[in-house]
Structures are given as C-alpha cells and as structure tokens.
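File shown: final_34.tsv. Contents: TSV, C-alpha atoms and all ligand atoms.
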```
chain	number	residue	atom	x	y	z
A	29	MET	CA	-14.84	32.11	1.82
A	30	LEU	CA	-16.80	29.39	0.07
A	31	SER	CA	-19.40	29.33	2.83
A	32	SER	CA	-20.47	32.81	1.75
A	33	CYS	CA	-21.43	31.35	-1.60
A	34	GLY	CA	-25.18	31.36	-0.96
A	35	PRO	CA	-27.77	31.35	-3.73
A	36	TYR	CA	-29.08	34.28	-5.83
A	37	LEU	CA	-27.33	37.51	-4.81
A	38	ARG	CA	-23.88	36.07	-4.29
A	39	LEU	CA	-23.99	33.84	-7.28
A	40	LEU	CA	-22.03	36.16	-9.52
A	41	SER	CA	-19.27	37.12	-7.10
A	42	CYS	CA	-19.09	33.54	-5.93
A	43	SER	CA	-18.49	32.07	-9.33
A	44	PHE	CA	-15.89	34.76	-9.88
A	45	ILE	CA	-14.03	33.68	-6.73
A	46	LEU	CA	-14.24	30.07	-7.81
A	47	PHE	CA	-12.93	31.09	-11.20
A	48	LEU	CA	-9.95	32.86	-9.61
A	49	LEU	CA	-9.25	29.87	-7.33
A	50	PHE	CA	-9.38	27.53	-10.26
A	51	LYS	CA	-7.24	29.80	-12.36
A	52	SER	CA	-4.51	30.23	-9.75
A	53	ASN	CA	-4.40	26.49	-9.00
A	54	HIS	CA	-4.28	25.81	-12.67
A	55	ALA	CA	-1.47	28.32	-13.18
A	56	LYS	CA	0.61	26.80	-10.37
A	57	ARG	CA	0.25	23.34	-11.82
A	58	ASP	CA	1.15	24.77	-15.24
A	59	LEU	CA	4.42	26.17	-13.93
A	60	LYS	CA	5.49	22.76	-12.67
A	61	SER	CA	4.40	20.91	-15.79
A	62	ALA	CA	6.04	23.51	-18.06
A	63	CYS	CA	9.36	22.70	-16.39
A	64	THR	CA	8.75	18.96	-16.78
A	65	THR	CA	8.02	19.52	-20.46
A	66	CYS	CA	11.16	21.63	-20.87
A	67	GLN	CA	13.24	18.99	-19.09
A	68	GLN	CA	11.93	16.33	-21.49
A	69	ILE	CA	12.78	18.55	-24.43
A	70	THR	CA	16.36	19.14	-23.32
A	71	ASP	CA	16.79	15.44	-22.41
A	72	ASN	CA	15.64	14.51	-25.90
A	73	PHE	CA	17.89	17.18	-27.38
A	74	ASN	CA	20.88	15.61	-25.65
A	75	LYS	CA	19.84	12.17	-26.88
A	76	GLY	CA	19.46	13.51	-30.40
A	77	PHE	CA	22.86	15.13	-30.14
A	78	GLU	CA	24.43	11.78	-29.27
A	79	ARG	CA	22.42	9.93	-31.91
A	80	THR	CA	23.64	12.26	-34.65
A	81	ALA	CA	27.24	12.33	-33.41
A	82	LYS	CA	28.41	9.68	-35.85
A	83	GLN	CA	26.48	10.90	-38.85
A	84	ASN	CA	27.53	13.17	-41.62
A	85	PHE	CA	25.81	14.56	-44.67
A	86	GLY	CA	25.51	11.07	-46.09
A	87	GLY	CA	26.46	9.83	-49.54
A	88	GLY	CA	24.82	12.67	-51.43
A	89	ASN	CA	27.31	15.38	-50.60
A	90	THR	CA	28.34	17.29	-53.61
A	91	ALA	CA	31.46	19.35	-53.78
A	92	TRP	CA	29.16	22.36	-53.64
A	93	GLU	CA	27.62	21.20	-50.39
A	94	GLU	CA	31.02	20.51	-48.89
A	95	ARG	CA	32.06	24.04	-49.69
A	96	LYS	CA	28.83	25.84	-48.97
A	97	LEU	CA	27.82	24.17	-45.74
A	98	SER	CA	29.87	24.03	-42.61
A	99	LYS	CA	30.79	20.67	-41.23
A	100	TYR	CA	27.82	18.44	-40.32
A	101	GLU	CA	28.86	18.47	-36.71
A	102	THR	CA	27.82	22.09	-36.27
A	103	SER	CA	25.43	22.31	-39.19
A	104	GLU	CA	21.87	23.53	-39.34
A	105	ILE	CA	20.93	20.19	-40.87
A	106	ARG	CA	22.08	18.35	-37.75
A	107	LEU	CA	20.16	20.83	-35.58
A	108	MET	CA	17.02	20.24	-37.64
A	109	GLU	CA	17.40	16.49	-37.30
A	110	ILE	CA	17.65	16.87	-33.54
A	111	LEU	CA	14.72	19.31	-33.33
A	112	GLU	CA	12.50	16.93	-35.29
A	113	HIS	CA	12.66	14.33	-32.53
A	114	LEU	CA	12.20	16.47	-29.42
A	115	CYS	CA	8.52	15.64	-28.86
A	116	GLU	CA	6.07	12.81	-29.26
A	117	SER	CA	3.67	13.96	-31.96
A	118	SER	CA	0.81	13.52	-29.46
A	119	SER	CA	2.32	15.88	-26.87
A	120	PHE	CA	0.64	19.21	-27.42
A	121	GLU	CA	2.55	20.98	-24.63
A	122	CYS	CA	5.91	19.82	-25.91
A	123	ASN	CA	5.30	20.71	-29.55
A	124	ARG	CA	3.95	24.10	-28.57
A	125	MET	CA	7.01	24.87	-26.46
A	126	VAL	CA	9.45	23.84	-29.18
A	127	GLU	CA	7.55	25.83	-31.81
A	128	GLU	CA	7.34	28.90	-29.64
A	129	HIS	CA	11.05	28.89	-28.83
A	130	GLU	CA	12.58	27.46	-31.96
A	131	GLU	CA	14.81	30.50	-32.49
A	132	HIS	CA	16.36	29.97	-29.03
A	133	PHE	CA	17.59	26.56	-30.12
A	134	GLU	CA	19.21	28.16	-33.16
A	135	THR	CA	20.79	30.85	-31.02
A	136	TRP	CA	22.17	28.29	-28.61
A	137	TRP	CA	23.34	25.98	-31.39
A	138	PHE	CA	25.25	28.63	-33.28
A	139	LYS	CA	26.25	31.12	-30.59
A	140	LYS	CA	25.93	29.89	-27.01
A	141	LYS	CA	26.78	26.20	-27.06
A	142	THR	CA	30.44	26.64	-26.27
A	143	LYS	CA	30.02	29.08	-23.42
A	144	HIS	CA	26.85	27.46	-22.03
A	145	PRO	CA	27.15	23.74	-22.72
A	146	ASP	CA	24.31	22.80	-20.32
A	147	LEU	CA	21.20	23.27	-22.50
A	148	HIS	CA	18.73	22.67	-19.66
A	149	LYS	CA	20.35	25.39	-17.59
A	150	TRP	CA	20.62	27.85	-20.46
A	151	PHE	CA	17.23	27.18	-22.05
A	152	CYS	CA	14.80	26.06	-19.29
A	153	ILE	CA	16.22	28.00	-16.36
A	154	GLU	CA	17.88	31.13	-17.73
A	155	THR	CA	16.19	31.84	-21.05
A	156	ILE	CA	12.52	30.81	-21.00
A	157	LYS	CA	12.51	30.65	-17.20
A	158	VAL	CA	10.19	27.69	-16.62
A	159	CYS	CA	12.64	25.83	-14.37
A	160	CYS	CA	14.87	26.72	-11.42
A	161	PRO	CA	18.18	25.25	-10.31
A	162	LYS	CA	17.87	22.13	-8.14
A	163	GLY	CA	16.90	22.91	-4.56
A	164	THR	CA	15.09	26.13	-5.49
A	165	PHE	CA	11.48	26.83	-6.45
A	166	GLY	CA	8.94	29.47	-7.48
A	167	PRO	CA	9.01	32.48	-9.80
A	168	ASP	CA	12.22	33.83	-8.24
A	169	CYS	CA	13.92	30.48	-7.62
A	170	ASN	CA	13.90	30.83	-3.85
A	171	THR	CA	15.88	28.35	-1.79
A	172	CYS	CA	13.95	25.34	-0.50
A	173	ILE	CA	13.55	24.83	3.25
A	174	GLY	CA	16.75	23.27	4.53
A	175	GLY	CA	18.86	24.78	1.73
A	176	SER	CA	19.31	23.87	-1.90
A	177	GLU	CA	21.98	21.25	-1.18
A	178	ARG	CA	19.70	19.10	0.98
A	179	PRO	CA	16.12	20.37	0.60
A	180	CYS	CA	13.94	19.42	3.59
A	181	HIS	CA	17.17	18.30	5.28
A	182	GLY	CA	17.29	15.25	3.07
A	183	ASN	CA	14.10	13.84	4.61
A	184	GLY	CA	11.45	15.07	2.22
A	185	ALA	CA	10.53	16.76	-1.05
A	186	CYS	CA	10.38	20.53	-1.54
A	187	ASP	CA	7.17	21.52	-3.34
A	188	GLY	CA	8.08	22.85	-6.78
A	189	ASP	CA	11.75	21.87	-6.45
A	190	GLY	CA	13.55	22.80	-9.67
A	191	THR	CA	10.53	24.55	-11.18
A	192	ARG	CA	9.10	28.07	-11.29
A	193	GLY	CA	6.04	26.71	-9.44
A	194	GLY	CA	5.31	25.33	-5.98
A	195	ASN	CA	5.44	26.88	-2.53
A	196	GLY	CA	8.68	25.36	-1.24
A	197	LYS	CA	6.95	23.50	1.60
A	198	CYS	CA	8.29	20.10	2.52
A	199	SER	CA	6.37	16.87	2.21
A	200	CYS	CA	8.34	14.64	4.53
A	201	ASP	CA	9.38	11.06	3.84
A	202	HIS	CA	7.97	8.22	5.91
A	203	ALA	CA	8.97	8.48	9.60
A	204	TYR	CA	9.58	12.26	9.40
A	205	LYS	CA	7.31	15.21	10.10
A	206	GLY	CA	7.27	18.92	10.79
A	207	GLU	CA	8.00	21.99	8.68
A	208	PHE	CA	11.67	21.03	8.44
A	209	CYS	CA	11.31	17.21	8.33
A	210	LEU	CA	13.55	16.96	11.38
A	211	ASP	CA	10.90	15.55	13.77
A	212	CYS	CA	9.95	11.90	13.98
A	213	VAL	CA	6.41	10.57	13.75
A	214	ASP	CA	5.01	8.40	16.58
A	215	GLY	CA	6.72	5.03	16.66
A	216	TYR	CA	10.10	6.54	15.68
A	217	PHE	CA	12.80	8.34	17.64
A	218	ASN	CA	15.66	10.67	16.76
A	219	GLU	CA	18.76	8.53	16.66
A	220	VAL	CA	20.79	11.52	15.47
A	221	ARG	CA	19.67	15.13	15.52
A	222	ASN	CA	21.07	18.61	15.23
A	223	ASP	CA	19.80	21.79	13.56
A	224	THR	CA	20.39	20.49	10.07
A	225	PHE	CA	20.38	16.72	10.30
A	226	SER	CA	17.95	14.16	11.64
A	227	LEU	CA	17.78	10.39	11.50
A	228	CYS	CA	14.55	8.79	12.73
A	229	THR	CA	14.67	5.12	13.68
A	230	GLU	CA	11.77	2.79	14.45
A	231	CYS	CA	10.88	2.18	18.11
A	232	HIS	CA	10.74	-1.27	19.70
A	233	ARG	CA	7.53	-3.00	18.60
A	234	SER	CA	6.11	-2.66	22.11
A	235	CYS	CA	6.27	1.17	22.10
A	236	LYS	CA	3.74	3.66	20.86
A	237	THR	CA	6.28	6.44	21.39
A	238	CYS	CA	9.88	6.18	22.56
A	239	THR	CA	13.24	7.83	23.07
A	240	GLY	CA	15.40	4.85	22.15
A	241	ALA	CA	15.48	1.46	20.51
A	242	THR	CA	14.59	-1.00	23.30
A	243	ASN	CA	11.36	-1.76	25.16
A	244	GLU	CA	12.84	0.08	28.15
A	245	ASP	CA	12.90	3.31	26.11
A	246	CYS	CA	9.15	3.54	25.54
A	247	ASP	CA	7.33	6.71	26.60
A	248	GLU	CA	4.06	4.90	26.12
A	249	CYS	CA	3.30	1.24	25.51
A	250	LYS	CA	1.26	0.07	22.56
A	251	GLU	CA	-2.08	-1.56	23.15
A	252	GLY	CA	-1.56	-5.19	24.23
A	253	TRP	CA	1.61	-4.26	26.15
A	254	GLU	CA	1.92	-2.90	29.67
A	255	ASP	CA	4.50	-0.81	31.47
A	256	GLN	CA	6.50	-2.79	34.02
A	257	GLY	CA	9.60	-0.61	33.81
A	258	ALA	CA	9.74	-1.85	30.24
A	259	CYS	CA	6.79	-2.53	27.99
A	260	VAL	CA	5.96	-6.25	28.20
A	261	ASP	CA	3.33	-8.31	26.49
A	262	VAL	CA	-0.02	-8.57	28.25
A	263	ASN	CA	-1.12	-12.21	28.44
A	264	GLU	CA	-4.79	-11.68	27.71
A	265	CYS	CA	-5.39	-15.42	28.08
A	266	THR	CA	-4.79	-15.42	31.84
A	267	GLN	CA	-7.41	-12.73	32.39
A	268	GLU	CA	-10.66	-13.57	34.17
A	269	PRO	CA	-13.07	-13.95	32.58
A	270	SER	CA	-11.38	-15.36	29.48
A	271	PRO	CA	-11.66	-13.06	26.47
A	272	CYS	CA	-12.80	-16.02	24.34
A	273	LYS	CA	-16.15	-17.80	24.03
A	274	GLU	CA	-16.97	-21.03	25.88
A	275	ASP	CA	-16.27	-23.31	22.92
A	276	GLN	CA	-12.94	-21.60	22.21
A	277	TYR	CA	-9.49	-21.62	23.73
A	278	CYS	CA	-7.23	-18.56	23.96
A	279	LEU	CA	-3.85	-18.27	22.25
A	280	ASN	CA	-1.60	-15.45	23.44
A	281	SER	CA	0.71	-13.62	21.03
A	282	GLU	CA	2.99	-10.58	21.28
A	283	GLY	CA	0.78	-7.53	21.74
A	284	SER	CA	-2.39	-9.53	21.08
A	285	TYR	CA	-4.21	-12.86	21.38
A	286	SER	CA	-6.55	-15.01	19.34
A	287	CYS	CA	-9.47	-17.36	20.00
A	288	LYS	CA	-9.53	-20.82	18.39
A	289	ALA	CA	-12.37	-23.31	18.19
A	290	CYS	CA	-12.23	-26.28	20.61
A	291	ASP	CA	-12.23	-29.83	19.30
A	292	LYS	CA	-15.83	-30.96	18.84
A	293	ALA	CA	-15.32	-33.68	21.44
A	294	CYS	CA	-14.97	-30.92	24.06
A	295	ALA	CA	-17.39	-28.83	26.06
A	296	GLY	CA	-14.89	-26.06	26.80
A	297	CYS	CA	-11.14	-26.53	26.44
A	298	SER	CA	-7.73	-25.11	27.25
A	299	GLY	CA	-6.05	-26.02	23.96
A	300	PRO	CA	-6.36	-27.86	20.67
A	301	GLY	CA	-7.31	-31.55	20.41
A	302	SER	CA	-9.63	-33.86	22.32
A	303	ASP	CA	-7.18	-34.30	25.22
A	304	GLU	CA	-7.33	-30.65	26.33
A	305	CYS	CA	-11.07	-30.60	27.07
A	306	GLN	CA	-12.42	-29.10	30.28
A	307	ALA	CA	-15.42	-31.43	29.94
A	308	CYS	CA	-16.58	-33.78	27.21
A	309	ALA	CA	-19.29	-32.80	24.77
A	310	GLU	CA	-22.54	-34.81	24.72
A	311	GLY	CA	-21.96	-38.14	23.03
A	312	TYR	CA	-18.31	-38.26	24.18
A	313	GLN	CA	-16.78	-39.68	27.33
A	314	ASP	CA	-13.44	-39.34	29.06
A	315	VAL	CA	-11.18	-42.25	28.21
A	316	GLU	CA	-7.75	-41.85	29.79
A	317	GLY	CA	-7.90	-38.05	29.69
A	318	SER	CA	-9.18	-37.80	26.14
A	319	CYS	CA	-12.79	-37.24	25.13
A	320	THR	CA	-13.77	-40.23	23.01
A	321	ASP	CA	-16.94	-41.00	21.08
A	322	VAL	CA	-19.53	-43.05	22.94
A	323	ASP	CA	-20.70	-46.03	20.86
A	324	GLU	CA	-24.41	-45.80	21.63
A	325	CYS	CA	-25.06	-48.90	19.53
A	326	SER	CA	-23.12	-51.23	21.82
A	327	GLN	CA	-24.78	-50.19	25.08
A	328	SER	CA	-26.70	-52.88	27.02
A	329	GLU	CA	-29.87	-50.85	26.56
A	330	PRO	CA	-30.73	-51.00	22.81
A	331	ALA	CA	-30.47	-47.54	21.29
A	332	CYS	CA	-32.84	-48.40	18.43
A	333	PRO	CA	-35.62	-50.35	20.08
A	334	LYS	CA	-38.09	-50.64	17.21
A	335	GLU	CA	-38.56	-53.78	15.18
A	336	HIS	CA	-36.36	-54.24	12.09
A	337	GLN	CA	-34.21	-51.28	13.05
A	338	GLU	CA	-30.43	-51.18	13.03
A	339	CYS	CA	-28.24	-48.80	15.01
A	340	VAL	CA	-25.45	-46.87	13.26
A	341	ASN	CA	-22.91	-45.12	15.43
A	342	ASN	CA	-21.28	-41.84	14.41
A	343	LYS	CA	-19.09	-39.29	16.14
A	344	GLY	CA	-20.98	-37.77	19.06
A	345	SER	CA	-24.27	-39.45	18.11
A	346	PHE	CA	-25.97	-42.37	16.37
A	347	SER	CA	-28.92	-43.00	14.08
A	348	CYS	CA	-31.47	-45.71	13.61
A	349	ILE	CA	-32.09	-47.09	10.14
A	350	CYS	CA	-34.39	-49.75	8.76
A	351	SER	CA	-32.82	-53.14	8.11
A	352	SER	CA	-32.30	-54.30	4.56
A	353	GLY	CA	-35.64	-55.14	2.93
A	354	TYR	CA	-37.53	-52.69	5.11
A	355	GLU	CA	-38.47	-49.11	4.57
A	356	GLU	CA	-39.50	-46.29	6.84
A	357	LYS	CA	-43.17	-45.36	6.92
A	358	ASP	CA	-44.75	-43.22	9.65
A	359	GLY	CA	-41.82	-43.91	11.99
A	360	GLU	CA	-42.02	-47.70	11.58
A	361	CYS	CA	-39.90	-50.04	9.50
A	362	ILE	CA	-42.19	-52.07	7.26
A	363	GLN	CA	-41.41	-54.72	4.68
A	364	GLN	CA	-40.95	-53.42	1.19
A	365	ASN	CA	-43.84	-54.78	-0.88
A	366	ASP	CA	-42.45	-54.30	-4.38
A	367	PRO	CA	-39.39	-56.56	-4.70
A	368	ALA	CA	-38.39	-54.73	-7.91
A	369	GLU	CA	-37.88	-51.55	-5.94
A	370	GLU	CA	-36.09	-53.31	-3.13
A	371	SER	CA	-33.09	-51.28	-2.14
A	372	GLU	CA	-29.79	-52.75	-1.04
A	373	GLU	CA	-29.16	-49.66	1.02
A	374	PRO	CA	-30.89	-49.35	4.38
A	375	GLN	CA	-32.86	-46.12	4.76
A	376	ALA	CA	-32.83	-43.70	7.66
A	377	THR	CA	-35.95	-43.63	9.79
A	378	THR	CA	-36.05	-41.55	12.91
A	379	GLU	CA	-34.18	-38.30	13.35
A	380	PRO	CA	-30.67	-38.69	14.75
A	381	HIS	CA	-30.25	-38.85	18.50
A	382	GLY	CA	-28.07	-36.75	20.65
A	383	GLU	CA	-25.91	-33.96	19.33
A	384	LEU	CA	-24.61	-34.08	15.82
A	401	LIG	C1	24.83	17.54	12.26
A	401	LIG	O1	25.02	16.15	12.17
A	401	LIG	C2	25.55	15.69	10.95
A	401	LIG	C3	25.56	14.19	10.95
A	401	LIG	O2	26.08	13.67	12.14
A	401	LIG	C4	26.94	16.30	10.73
A	401	LIG	O3	27.46	15.89	9.48
A	401	LIG	C5	26.81	17.81	10.77
A	401	LIG	O4	28.11	18.40	10.69
A	401	LIG	C6	26.14	18.27	12.06
A	401	LIG	N1	25.90	19.72	11.99
A	401	LIG	C7	26.05	20.51	13.04
A	401	LIG	C8	25.70	21.92	12.82
A	401	LIG	O5	26.44	20.10	14.11
```

Would you mind writing the file's structure down as structure tokens?
Amino acid sequence: MLSSCGPYLRLLSCSFILFLLFKSNHAKRDLKSACTTCQQITDNFNKGFERTAKQNFGGGNTAWEERKLSKYETSEIRLMEILEHLCESSSFECNRMVEEHEEHFETWWFKKKTKHPDLHKWFCIETIKVCCPKGTFGPDCNTCIGGSERPCHGNGACDGDGTRGGNGKCSCDHAYKGEFCLDCVDGYFNEVRNDTFSLCTECHRSCKTCTGATNEDCDECKEGWEDQGACVDVNECTQEPSPCKEDQYCLNSEGSYSCKACDKACAGCSGPGSDECQACAEGYQDVEGSCTDVDECSQSEPACPKEHQECVNNKGSFSCICSSGYEEKDGECIQQNDPAEESEEPQATTEPHGEL
C-alpha cells in the first residue's frame, strides 16, 4: 500500500492513508493506555479508602454537622478526600478521566458500593468500558488465545490482555514460539506437551536442536561438535594444518578452540612456556629441553669488536655500548673531550644485533 505513494498525483490520497494508519494505531494504543489510567485511578481510590478509614470529621464537628451529615465513613466529605488524591497533578490523562466520570464515583459511592464492591470491575470494565476482565481483550472482551485462565497457555502475554485494546495475539516467553506458545524454539525441547500445556527445556549444550536432554538426543549438533552417535566436541587442535598461526599454540575447549601466543624463546610451540618450543627462536638455544637465552657477550668470538666497546647481553640479543668516558660518533667510540659533560652512563652505539 505504501509503495503506491508516489509523488504528485497520489500525494493527497497517500497522506490520507497515512493519516488513517496513524489514527488507527493511535486509537489502539489509546485503548490500552486508557485501561492503565483507569487501573491507576481505582488503585489510588482503594488506597485513599484505606487511608481515610481511621479518620472522622475531625475536631470541628458541631452538633449540627453530626445531625445533618451522615457518618464520615459513608460521607461525601470522605469521597471528596479520596477523589482529590486519585491523580498526580501532572497526569493529564488521569485528571481528564476523573473529571469526565466524576458522577460515576458518586453513584458507586452512594448506591453501588455494597452490591459491587470491586470498583475496578464496576467502573473500568462495566461502566466506562476501558478495561476487560483478565484473560480477555478488545472492544468486546474476547477470550485470549489459550483461554482466559491461562492466556497463551501460560507461556506468553496476550496482546491487550485486560484492556479494550490489542489483538489477542500471543507474544511468547523465552524458549516458546508459535501462535499458541506451545512450540519450543531451537535449542529447547518439549519435556511435557499436550493440547493445552507445554514445558520447553534447554537442550544439551552440544545440540542445535534436540528431542531430549542429553547429547544423544540431538537432532543436529552445534558448530564445534560432531555427530558420533552423540554430539561430541571437535578437537580443532588436532586438525592438519593447525588452525593457529606459526607463533601460536592451539587450546581446545568444548565446542571451540583458541590460539595463544608462544613464549618468545620459541619458534613455534605446542604449549605455553619456553620448554614447549618446537624450535628455539634466534638468540635462544636448547638447554635441557628448554629454549634459553644465548649470552652473545661470553662467546669466544667477541661480539663487539670495536675499540672501547662493551657488550651488553639481553634476552634473545645483545648490544654494543661505548665504555665509560667514551661516546659514540659516526659508529666509533671516541674519548669525551669535555670532562664537565662526562657521563657516568655508557651510551649505546651500534644498532642491536640479532632479534629483539
Ligand atoms: C496436559 O498436561 C497438564 C500438565 O501435565 C495436565 O495438568 C493437563 O490435565 C493435561 N491436559 C490434557 C488435556 O491432557
């Protein structure tokens, strides 16, 4: 319908359709909110009734008042005190409803209260007709799907339940689906089911769909699990090639796996730490099954061959620095000429060797 809303010629009829759509949506929402408003009013009426239960006319009663007015309990004054507190002053809807129907409250107070003690039922449902009995909905208070005792078979909410609005359709609770909220969503199965009752229970964590509670009852396995009569975890880590990168090891978990970084002493590894390396990284060597830093500075061949250089070992590499009293200039270590600026700290010269 909206796709026919082209420019120019259809503009008028189109905006009219939109207007009707808006109006009907608006009206439906109004019917629900009118009932909510009415419910608040009658709730507050009942509260006011309790609040005023222990009051009387107060100290100012004259003999005339005692004679002229009926007892406070059933008096107009008590009614007025209750009516005054039915709405928040800011609630337009509420104040309008009370104002519009004030005479109904008087009628009920003086004539109907005894025979119809439930004000919500008498006022909201039967008199101004903005609400319906529980489990019914819409202008004619039709019965919700599944019956008014257990709308949506106890597994969902009936649209417009208890109001003159709504369409009576069910919005099902979590785990339930279907027009009647008797079916289970994927990942759940019917533990109990007949025409009027359904209990959906979660499948085993390995199942995408199932007919029972164990991993043998799966119709279909979830990703990361495979069917071997029952759904069992796939060990992704034994697959060739490994799902992880070269500098990572694989850690299997139920239904999944993860990749973790190898120790930096390793070039490839099968687990955490420097003793699970497949090979040692550059600058490390195998010492009793564990990749250990090579001390380049204590090799027979000097690692820092230049004059006045010192070798400093670090993990996986080493660097050459000028000896104390010397500074780096154009790749050479030369004597510092200004003794005032002489630094205690040796300074780095060449770029580090090997891998860092
Ligand atoms: C459906 O099952 C429920 C719960 O077990 C039971 O109370 C009810 O009587 C059953 N109804 C029918 C029609 O079998």

As number ranges by chain, please: the residues near Asn170 of chain A (cut-off 12 Å, only C-alpha atoms, same-chain neighbours under 3 positions excluded). A: 159-167, 173-176, 179, 186-197

What separation in Å, quoted to one decimal, exists between atom CA of Glu121 of chain A and atom CA of Glu104 of chain A? 24.4 Å

For atom CA of Ser199 of chain A and atom CA of Gly184 of chain A, the interatomic separation in Å (one decimal):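 Separation between atom CA of Ser199 of chain A and atom CA of Gly184 of chain A: 5.4 Å.
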
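Taking all atoms listed in the file into account, every polymer residue with at least one atom at most 9 Å away from ligand LIG 401 (chain A) is listed here: Val220, Arg221, Asn222, Asp223, Thr224, Phe225, Ser226 and Leu227 of chain A.
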
Compare A:Gly317, A:Pro271, A:Gly240, A:Gly76 by their minimum atom-to-atom distance to Leu111 of chain A, counting all atoms listed in the file, and give me the closest one. A:Gly76

If we count all atoms listed in the file, what is near Pro333 of chain A at a cut-off of 10 Å, once residues fewer than 5 positions away on the same chain are taken out, given as a list in words? Glu338, Cys339 and Cys348 of chain A

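Of note, atom CA of Asp303 of chain A and atom CA of Ser284 of chain A are spaced 25.6 Å apart.
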
What's around Ala331 of chain A at 12 Å? Count only C-alpha atoms, leave out sequence neighbours fewer than 3 positions away in its own chain, and write the answer as a PyMOL selection string. chain A and resi 322-328+334-335+337-341+345-349+378+380-382

Write out as a list in words which residues come within 12 Å of Thr135 of chain A when counting all atoms listed in the file, dropping same-chain ones fewer than 4 positions away.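 The contact residues come out as Glu104, Leu107, His129, Glu130, Glu131, Lys139, Lys140, Lys141, Thr142, His144, Leu147, Trp150, Phe151 and Thr155 of chain A.
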
Could you take the residues named above and write them with C-alpha atoms, as a PDB file, in the frame of the given file?
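Resulting contents of selection32.pdb:
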```pdb
ATOM      1  CA  GLU A 104      21.870  23.530 -39.340  1.00  0.00           C
ATOM      2  CA  LEU A 107      20.160  20.830 -35.580  1.00  0.00           C
ATOM      3  CA  HIS A 129      11.050  28.890 -28.830  1.00  0.00           C
ATOM      4  CA  GLU A 130      12.580  27.460 -31.960  1.00  0.00           C
ATOM      5  CA  GLU A 131      14.810  30.500 -32.490  1.00  0.00           C
ATOM      6  CA  LYS A 139      26.250  31.120 -30.590  1.00  0.00           C
ATOM      7  CA  LYS A 140      25.930  29.890 -27.010  1.00  0.00           C
ATOM      8  CA  LYS A 141      26.780  26.200 -27.060  1.00  0.00           C
ATOM      9  CA  THR A 142      30.440  26.640 -26.270  1.00  0.00           C
ATOM     10  CA  HIS A 144      26.850  27.460 -22.030  1.00  0.00           C
ATOM     11  CA  LEU A 147      21.200  23.270 -22.500  1.00  0.00           C
ATOM     12  CA  TRP A 150      20.620  27.850 -20.460  1.00  0.00           C
ATOM     13  CA  PHE A 151      17.230  27.180 -22.050  1.00  0.00           C
ATOM     14  CA  THR A 155      16.190  31.840 -21.050  1.00  0.00           C
TER      15      THR A 155
END
```

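Residues in contact with Cys272 of chain A at 10 Å, where all atoms listed in the file are counted and same-chain residues fewer than 4 positions away are skipped, are listed as Glu264, Cys265, Gln276, Tyr277, Cys278, Leu279, Tyr285, Ser286, Cys287, Lys288 and Ala289 of chain A.
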
Would you mind telling me which residue in A:Phe77, A:Tyr354, A:Phe120, A:Phe138 lies nearest to Ala62 of chain A when using all atoms listed in the file?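 Between A:Phe77, A:Tyr354, A:Phe120, A:Phe138, the residue approaching Ala62 of chain A most closely is A:Phe120.
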
Residue nearest Cys200 of chain A - candidates A:Ile105, A:Cys212, A:Ile362, A:Cys249, atoms counted: only C-alpha atoms: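 Going through A:Ile105, A:Cys212, A:Ile362, A:Cys249 one by one, the smallest distance to Cys200 of chain A is for A:Cys212.
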